[in-house]
Structures are given as structure tokens and as C-alpha cells.
Amino acid sequence: MQNELLEMVNQFNDNVLASVKRISELNMRTFEQLASKQAEIMNDCLESTAKQYEVISTSKDYKDAMSAQSELLKGCNEKYLANVRETAEMMNSVREEVTGMVEEAVQYTKDSVEKASELAAKKVA
């Protein structure tokens, strides 16, 4: 019985370490994805700024400049919305993965408690 309890504790510890490793890997992947997305957004912003300077310097009159600025702003808004959608999808995916990990941990804990209860009942009997 004592060996069985020690084995359960060892399995529990192994499971905790595996869970921590999975969460760490998920955090690292998420960080890398978000950092990549941030770099992409910053690149878009710099390109947009360069285009704005180009438009202003090459416009023949105020009306042309405003029209071109409007088009640039429309493009920036579309990129912004696309980035928001992509980031939301990414975070939903992370949430689903974390939810799955929590469900697995809850089930494992439930099974472990049931097994420990059975072992304790055997000892009493």
C-alpha cells in the first residue's frame, strides 16, 4: 500500500512537471507569435509613414494630397482590422489549448483522488 501511494505521488509530480513544461512551451510559442505580429505591425506603420511623406512630397495640390491620404488611411484601417482579427484568433487558440490542459489536469486530479480513496479504504478494511 505504501509503495502504491509513493508511486501515485511520483506520478503526480511527473504530471505536474509535464504540465509546467507544456504551459512554458505554450507561453513561449504565444510570445513568439505576438512578437512577430508586433514587428509586422511596426513595419506596416513605418511603411505607411514613408508612403505619407511620399504622397505629400509628390502631390500637385491640396486636393490630391487629401485624396491620397484618405486612401492610405483606408489601407491602414484594413490592415489594423486584419491584425486585430488575427490576434484575436491566435488568443482564442491559446485559450482553447489552456482550457484543454486544465480539463486534463482536473480529470487527472479526480482520478488520483479516487485512486487514493480506494487505497485508503483497502487499508482500513
# chains A, B, ... in the order shown; residues from 1 in each chain; ligands from 1
>>> residues_around(residues="A:Val94", least_positions_apart="6", cutoff="12 Å", atoms="only C-alpha atoms", output="PyMOL selection string")
chain A and resi 22-23+25-31+33-34+87-88+100-101
>>> atom_distance(atom1="atom CA of A:Ala65", atom2="atom CA of A:Val84")
28.2 Å
>>> closest_residue(among="A:Glu118, A:Ala82, A:Val102, A:Val113", to="A:Val16", atoms="only C-alpha atoms")
A:Val102
>>> atom_distance(atom1="atom CA of A:Gln38", atom2="atom CA of A:Arg85")
13.7 Å
>>> atom_distance(atom1="atom CA of A:Asn83", atom2="atom CA of A:Ile41")
7.7 Å
